[in-house]
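**Student:** Take a look at this one; I'll ask things after.
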Amino acid sequence: MPGTQLTKGGPLDLCRTSTSQSPSTQNTKELQPLMANPVCEATEQKKQQPQGPERPNSHQKFKAKLMQWVSYVAGDMAPFGEWMKGQFILLQILDWVLRGAAQVMFVNNPLSGLIIFAGLILQNRWWALNGFVGTLFATISALIIGQNRGAIANGLYGYNGILVGLLMAVFSNAGDWYWWLLLPNIFMSMACPIVSSALASINSRWDLPVFTLPFNILVCLHMVATGHYNHHFPQVLFQPRTSMHNLTWSELDYPKLFRSIPVGIGQVYGCDNAWTGGIFMIALFISSPITFAHATIGSAVGMVSGLALAAPFQNIYFGLWGYNCVLACIAIGGMFYALTWQTHLLAVACAFFCAYLGSAIANVMSTFGLPACTWPFCLSALTFLLITTEIKNIYKLPLAKVNYPEKNLIYFWKMKKEERIAKQMKEQEKDIASQQMKESIIMAANEMKAHQLLDVCTVDVLKEESTQNRSDRKSEATELDLTQL
Amino acid sequence: MPGTQLTKGGPLDLCRTSTSQSPSTQNTKELQPLMANPVCEATEQKKQQPQGPERPNSHQKFKAKLMQWVSYVAGDMAPFGEWMKGQFILLQILDWVLRGAAQVMFVNNPLSGLIIFAGLILQNRWWALNGFVGTLFATISALIIGQNRGAIANGLYGYNGILVGLLMAVFSNAGDWYWWLLLPNIFMSMACPIVSSALASINSRWDLPVFTLPFNILVCLHMVATGHYNHHFPQVLFQPRTSMHNLTWSELDYPKLFRSIPVGIGQVYGCDNAWTGGIFMIALFISSPITFAHATIGSAVGMVSGLALAAPFQNIYFGLWGYNCVLACIAIGGMFYALTWQTHLLAVACAFFCAYLGSAIANVMSTFGLPACTWPFCLSALTFLLITTEIKNIYKLPLAKVNYPEKNLIYFWKMKKEERIAKQMKEQEKDIASQQMKESIIMAANEMKAHQLLDVCTVDVLKEESTQNRSDRKSEATELDLTQL
Amino acid sequence: MPGTQLTKGGPLDLCRTSTSQSPSTQNTKELQPLMANPVCEATEQKKQQPQGPERPNSHQKFKAKLMQWVSYVAGDMAPFGEWMKGQFILLQILDWVLRGAAQVMFVNNPLSGLIIFAGLILQNRWWALNGFVGTLFATISALIIGQNRGAIANGLYGYNGILVGLLMAVFSNAGDWYWWLLLPNIFMSMACPIVSSALASINSRWDLPVFTLPFNILVCLHMVATGHYNHHFPQVLFQPRTSMHNLTWSELDYPKLFRSIPVGIGQVYGCDNAWTGGIFMIALFISSPITFAHATIGSAVGMVSGLALAAPFQNIYFGLWGYNCVLACIAIGGMFYALTWQTHLLAVACAFFCAYLGSAIANVMSTFGLPACTWPFCLSALTFLLITTEIKNIYKLPLAKVNYPEKNLIYFWKMKKEERIAKQMKEQEKDIASQQMKESIIMAANEMKAHQLLDVCTVDVLKEESTQNRSDRKSEATELDLTQL
């Protein structure tokens, strides 16, 4: 089985070795991460997969090799993450920062992070720098205040940092390369893990993630604390609408409307460049095609909603109707719910709801001179994750089991299969138990010595049969046998 | 006992039959409803009531018959609800929609719902249509997303729908019969059960109902998302007060002031017609006189508060100071607390607090061009339901036991009685146990063989007597006997 | 041992006597107070302290006497509180009111309360009267609605009342000695315990105090319900900033800047008089030097933050940047966390965060014509108390154990010591157990009869040794012995 051998000789083996070397990995599993994912399990699964074909031909060999190479760059790049654990701390932090950059889109993949940074540099180098500083200091701060190392390594303390850094630069009215901005940037980035930890204490009661709430809170905090009329850190002016805008449907520009889909994805990071948005889409596709699909659907839904609610066309072209829907659609469609057609519909519904909410929040926030940030996404996704339902196919994953959508799906299928088997087993047991019970009753009836005992037993057995349909019958049957001895 | 026979032959018997026919009723009881009420229990209680008089004379016969007929239309009309379970689905949905319409006032009664719809038609037919559409689609949506059937049947997913439908029509600036409005109306109504379910997940941690929070959230969402300056769905303009209004006390119009009490009740559904308000009062009285009384008190308290806080007279006449107090006073006065004189005072205090809060919220919301909706009621009632106190007579009913005030009161009395009996039983047992213990000690002391064992036992017993006053003594006494054998 | 005798003859003994006299004290301990502190424990500790020096010379005698007298006025004045329990109810209420006045700064000390009232009278007699009325009625209301007597006696229902009373007077636009103001003052003060109790129901789920949230809610409620343009109760006008203010750094007035530190402490009670602030500092120092130190640090941090964010100098001089930081710094630095150098740094970080938040909230609230109140303190302190961390030295005290910082520290040290001893004990036991186990294995190996049983046992033992490192080993060892018999 060459495939298996290759796997064992590859980085997967490094994973196992490094696990045994570093005792810290065992500790991190015990802790309760923000939305952590026991990494080594994944690799074990992958190891077992290629064992299927007993004697592979060249085509199968090639396919196995391809799958293996895909597993190195796709998903959460778990083998790479494990390999990183033995490396120099600065390299590790770089890995965490890259994962943090991608975690904004729920992607736990350093390669995607790298591509996203490339997209940011294409958009604006000053913004990219601020984003990097934000991620870096948020990660460092999480280390200082003693947060869970596993969660930090998955970039869960970085993604709010990159957004804080980026958006503070985007909304600053002082122009690019205003170096003083790095001071509040670092302060706010370092406050991210504090707010994250505090919010996680609340949200964990309902097994909910914190999403980008820390970013929303901190950027709004900074913007409203300083405001447009500030000497040190002036902000871009947002004002509430006070008159009817022009809306001529004949002026609708279809190419721009189509372009608003990648732009909407770009706006998650505050970027209005369609190419940047396209690069982000590649980053998503590498890690998880399901995420990519839902991001696209979300952006389209946002655009349609904007038209339905008679929004100014400029806002739609600029992607302002898309980015919240992108995030909401990803979150509900496969990330925190296992992907079924019901949850797919729920994700689309959530995107529509989010677009509505986005318009509402943008109007409310403009009263305070603030942008909508990603409040609409956070609130709509939290609402849809709080739903309780009797539909079995809408399955919310426990937060500790959340990974990328494809893996969540495998987990869901596995769980369903186990449930089915457990059910069958139980039924078989029940049948056997009732069979045994009947036999023992007949046997007992034949014996004439213990007829007093029998009466009591039979009555008990019949009574229990009618009331406790769900409980296990086997133990009772054996009990019955014991009493007859 | 003709009364009993008639009861058995009447719709109550249908209830039992339909329960055994439909297995779905058993399932619904296991689920955790929003503020559900196991319906069949109620009917069983009623069955037992008329058994009291052994040989009734004609007066008693008439009284029993009257009581029985009253039980068909008053309260939650449980027999009718049970009978409905065997009917065609569309008829059932109609029942649920009517109950939903009445549930705005915490009334679970289809007849009240019908009367309320009559009042709405009297006010404005377009509004009534929108209200009906809202209730219908909210109920359908609850069925689609798999909510608890028992809660749906009690109208608990409809009442937010009717408010959403009505108030979206009331606050629309596009005039009546603007048919496009039905689109956002249906969308928002269908979002009601989603928001309800999400909020219930949060509020159930404190055993609190969701009240009309989903309606508040969704109507505010729609209004602020579109706003006054919107091409498709313009809203009525609300603006904050920016100057002193005239207030000449001699101009106070007493008939109008008096009329503001029914108008305040009408404003719960956004209606300013005093006759409509009067019709709503009849609907309340049919189901529950306690609810009716508290609604009237609440509206009066609101009017007084408006005068105390120097509100413009027009607002008071228009019932804007009343409707929140009406709801708050009903909720605290007998609905979620068992009615005692303490909770009655608490309900009045809550109404005053709610009026104050109403003024505050109206001013805050006007900044965003929004009306106060029923936020003041929700927040004040939730606050007063969260109070913990050492006063025994302020008893908050468990949410699953909440019904109409009269039945809540019976539940409360029954529970108190049981508690008293349990206490007496316990005390008697304690006396017997301590008597037995003493006897056994004396007996043991007479025996000279086991004197070493005795020392240990006595010391133990005396020690336990002084420390564990609350635990049951009987078992210990028997243990003592066993050791001496 | 004269010192010990004197202690026994002093008021400390009265404490014990009164405890046995009044059975109500035992009840209060079972109840769950807002942030209560079992008072008698404290006195017991103090009793044990002076027993240390066996044969005191005159210097030690003097020191012991001094310490004893300090214990009468410093800390929470527990002996005085116990002595009060036997007094006339009006005197008791006075004690509770004075403690309530000081509890704003987390000080549970009637002498500090008295000094604070002196400071208030120096500032403005009308305000002081309103503050007194507020505290009094809040305390009475807490008694009426059946709140925990222990919490009331510690002033935990009074501190929101004094703030409500004071600030309603401060922000009233009707001028001093407008007697009608006492009506809403009494109403709002009496609503304090209701809101406190409701919020405590929520916050207790996370073991968090309610801080001054009831005050914030109720004062904002009153101010926004009436507003600037009200005939009965007009409010001071707050307006959002709409233009750039002048900021000439050369105009910075250093004496005023320095004076802003006591003024910042004074602003906790809405006082802008530096002498009043100084008097408050004395009141803090008497009860707890740690509290005093953190208050000073907090005020300084606020001033620095104001300069960093380019705030108008007048606001900084007026102490508006200080008072929230004062409270936040006290709360985190030793009050709810045990004071270590880590929590001290956390307190400073929290003060900076609070200053930022203060500016943000002031800007947001001004949109509604409201001041910032102490929202920034509440939100930042709650955020920092919700943090979960792996650092052992950041220890959040259970709410029931919170007292003044010095006593919290003693509790923390004691707990750490006990933990260390328990750990050592456990390790010793483990060693003994493993020793016994090995011996028994060797013994068993010598026996040749039971060699089949032995194989199974040894394998089991070794397996368990490698997996269950944390479980107790002793019981297994005895089990092993039993099987070999």
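Each chain in the structure tokens gets a letter, A, B, ..., in the order shown, and its residues are numbered from 1; ligands are numbered from 1 in order too.
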Set out as JSON lines a contact list for chain C and chain A with a cut-off of 9 Å, giving each residue of chain C that qualifies its closest atom pair and distance in Å to one decimal, counting only C-alpha atoms, ordered by chain and rising residue number.

**Tutor:**
{"residue": "C:Trp206", "atom": "CA", "partner": "A:Ile202", "partner_atom": "CA", "distance": 7.9}
{"residue": "C:Arg241", "atom": "CA", "partner": "A:Tyr229", "partner_atom": "CA", "distance": 7.7}
{"residue": "C:Thr242", "atom": "CA", "partner": "A:Tyr229", "partner_atom": "CA", "distance": 7.2}
{"residue": "C:Ser243", "atom": "CA", "partner": "A:Tyr229", "partner_atom": "CA", "distance": 5.9}
{"residue": "C:Met244", "atom": "CA", "partner": "A:Tyr229", "partner_atom": "CA", "distance": 4.8}
{"residue": "C:His245", "atom": "CA", "partner": "A:Tyr229", "partner_atom": "CA", "distance": 7.7}
{"residue": "C:Leu247", "atom": "CA", "partner": "A:His231", "partner_atom": "CA", "distance": 7.9}
{"residue": "C:Ala308", "atom": "CA", "partner": "A:His232", "partner_atom": "CA", "distance": 8.1}
{"residue": "C:Leu309", "atom": "CA", "partner": "A:His232", "partner_atom": "CA", "distance": 6.5}
{"residue": "C:Ala310", "atom": "CA", "partner": "A:His231", "partner_atom": "CA", "distance": 6.1}
{"residue": "C:Ala311", "atom": "CA", "partner": "A:Asn230", "partner_atom": "CA", "distance": 8.2}
{"residue": "C:Phe353", "atom": "CA", "partner": "A:Ala191", "partner_atom": "CA", "distance": 8.0}
{"residue": "C:Tyr356", "atom": "CA", "partner": "A:Ala225", "partner_atom": "CA", "distance": 6.3}
{"residue": "C:Leu357", "atom": "CA", "partner": "A:Leu221", "partner_atom": "CA", "distance": 6.3}
{"residue": "C:Gly358", "atom": "CA", "partner": "A:Ala225", "partner_atom": "CA", "distance": 7.7}
{"residue": "C:Ser359", "atom": "CA", "partner": "A:Ala225", "partner_atom": "CA", "distance": 4.7}
{"residue": "C:Ala360", "atom": "CA", "partner": "A:Ala225", "partner_atom": "CA", "distance": 3.7}
{"residue": "C:Ile361", "atom": "CA", "partner": "A:Ala225", "partner_atom": "CA", "distance": 7.4}
{"residue": "C:Ala362", "atom": "CA", "partner": "A:Ala225", "partner_atom": "CA", "distance": 8.1}
{"residue": "C:Asn363", "atom": "CA", "partner": "A:Val224", "partner_atom": "CA", "distance": 6.6}
{"residue": "C:Val364", "atom": "CA", "partner": "A:Phe368", "partner_atom": "CA", "distance": 6.2}
{"residue": "C:Thr367", "atom": "CA", "partner": "A:Phe368", "partner_atom": "CA", "distance": 7.3}
{"residue": "C:Leu382", "atom": "CA", "partner": "A:Ala198", "partner_atom": "CA", "distance": 8.3}
{"residue": "C:Thr383", "atom": "CA", "partner": "A:Ala198", "partner_atom": "CA", "distance": 5.5}
{"residue": "C:Phe384", "atom": "CA", "partner": "A:Ala198", "partner_atom": "CA", "distance": 6.9}
{"residue": "C:Leu385", "atom": "CA", "partner": "A:Ala198", "partner_atom": "CA", "distance": 7.6}
{"residue": "C:Leu386", "atom": "CA", "partner": "A:Ala198", "partner_atom": "CA", "distance": 4.5}
{"residue": "C:Ile387", "atom": "CA", "partner": "A:Ala198", "partner_atom": "CA", "distance": 4.6}
{"residue": "C:Thr388", "atom": "CA", "partner": "A:Ser197", "partner_atom": "CA", "distance": 6.1}
{"residue": "C:Thr389", "atom": "CA", "partner": "A:Gly146", "partner_atom": "CA", "distance": 5.2}
{"residue": "C:Glu390", "atom": "CA", "partner": "A:Gly146", "partner_atom": "CA", "distance": 5.0}
{"residue": "C:Ile391", "atom": "CA", "partner": "A:Gly146", "partner_atom": "CA", "distance": 5.7}

**Student:** Need the shell around Ile286 (chain A): protein/DNA/RNA residues with any atom at most 12 Å away, counting only C-alpha atoms. Skip same-chain ones fewer than 3 positions apart. Format as JSON, numbers by chain?

**Tutor:** {"A": [70, 71, 72, 73, 74, 75, 76, 77, 102, 107, 108, 109, 110, 111, 112, 113, 114, 115, 116, 279, 280, 281, 282, 283, 289, 290, 291, 292, 293, 404]}

**Student:** Might you pull out every residue within 8 Å of Gln123 (chain B), with only C-alpha atoms counted and same-chain residues fewer than 6 positions away left off, and present them as a ChimeraX atom specification?

**Tutor:** /B:271-273,276

**Student:** Would you put the residues from that selection into a file with C-alpha atoms, as a tab-separated table (two decimals), in the first residue's frame?

**Tutor:**
chain	number	residue	atom	x	y	z
B	271	CYS	CA	-56.38	51.88	16.85
B	272	ASP	CA	-57.45	55.37	17.92
B	273	ASN	CA	-61.20	54.75	17.69
B	276	THR	CA	-62.88	49.86	18.74

**Student:** Quick one: pick out all alpha helix (DSSP H) residues within region 115-355 of chain A from a backbone DSSP run and write them as a PyMOL selection string.

**Tutor:** chain A and resi 115-123+125-144+149-153+159-171+182-203+213-226+254-266+274-287+289-308+313-317+323-330+341-355

**Student:** Excluding same-chain residues fewer than 5 positions from region 168-172 of chain A, what lies within 10 Å of it counting only C-alpha atoms, as a PyMOL selection string?

**Tutor:** chain A and resi 124+126-131+134+162-163+177-178+181-182+184-185+188+218-220+222-223+227-228+233-238+269-271+370-371

**Student:** So that I can check the surroundings of Glu251 (chain B), please list as a CSV table (one decimal) with all heavy atoms, in the first residue's frame every protein, DNA and RNA residue that reaches within 12 Å of it, counting only C-alpha atoms and ignoring chain neighbours fewer than 5 positions away.

**Tutor:**
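Everything below was put into selection03.csv:
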chain,number,residue,atom,x,y,z
B,246,ASN,N,-47.1,74.2,23.9
B,246,ASN,CA,-48.0,74.9,24.8
B,246,ASN,C,-48.7,73.9,25.7
B,246,ASN,O,-49.0,72.8,25.4
B,246,ASN,CB,-49.1,75.6,24.0
B,246,ASN,CG,-48.5,76.9,23.4
B,246,ASN,OD1,-47.7,77.6,24.0
B,246,ASN,ND2,-48.9,77.2,22.2
B,256,LYS,N,-62.8,63.9,26.7
B,256,LYS,CA,-61.7,63.3,25.9
B,256,LYS,C,-60.8,62.5,26.8
B,256,LYS,O,-60.3,61.5,26.4
B,256,LYS,CB,-60.9,64.4,25.2
B,256,LYS,CG,-61.6,64.8,23.8
B,256,LYS,CD,-60.6,65.6,23.0
B,256,LYS,CE,-61.1,66.0,21.7
B,256,LYS,NZ,-60.3,67.0,21.0
B,257,LEU,N,-60.5,63.1,28.0
B,257,LEU,CA,-59.6,62.5,28.9
B,257,LEU,C,-60.2,61.1,29.4
B,257,LEU,O,-59.5,60.1,29.4
B,257,LEU,CB,-59.4,63.4,30.2
B,257,LEU,CG,-58.1,63.2,30.9
B,257,LEU,CD1,-56.9,63.6,30.0
B,257,LEU,CD2,-58.1,64.2,32.1
B,312,PRO,N,-48.0,66.6,26.1
B,312,PRO,CA,-49.0,67.3,25.3
B,312,PRO,C,-50.4,66.6,25.4
B,312,PRO,O,-50.4,65.3,25.3
B,312,PRO,CB,-48.5,67.2,23.9
B,312,PRO,CG,-47.0,67.0,24.0
B,312,PRO,CD,-46.9,66.2,25.3
B,313,PHE,N,-51.5,67.3,25.6
B,313,PHE,CA,-52.8,66.7,25.8
B,313,PHE,C,-53.2,65.8,24.6
B,313,PHE,O,-53.8,64.8,24.8
B,313,PHE,CB,-53.9,67.8,26.0
B,313,PHE,CG,-53.6,68.6,27.3
B,313,PHE,CD1,-54.1,69.9,27.4
B,313,PHE,CD2,-53.0,68.0,28.4
B,313,PHE,CE1,-53.9,70.6,28.5
B,313,PHE,CE2,-52.8,68.7,29.6
B,313,PHE,CZ,-53.3,70.0,29.6
B,314,GLN,N,-52.8,66.2,23.4
B,314,GLN,CA,-53.2,65.4,22.2
B,314,GLN,C,-52.7,64.0,22.4
B,314,GLN,O,-53.4,63.0,22.0
B,314,GLN,CB,-52.6,66.1,21.0
B,314,GLN,CG,-53.4,67.3,20.5
B,314,GLN,CD,-54.9,67.0,20.4
B,314,GLN,OE1,-55.3,66.0,19.9
B,314,GLN,NE2,-55.7,68.0,20.9
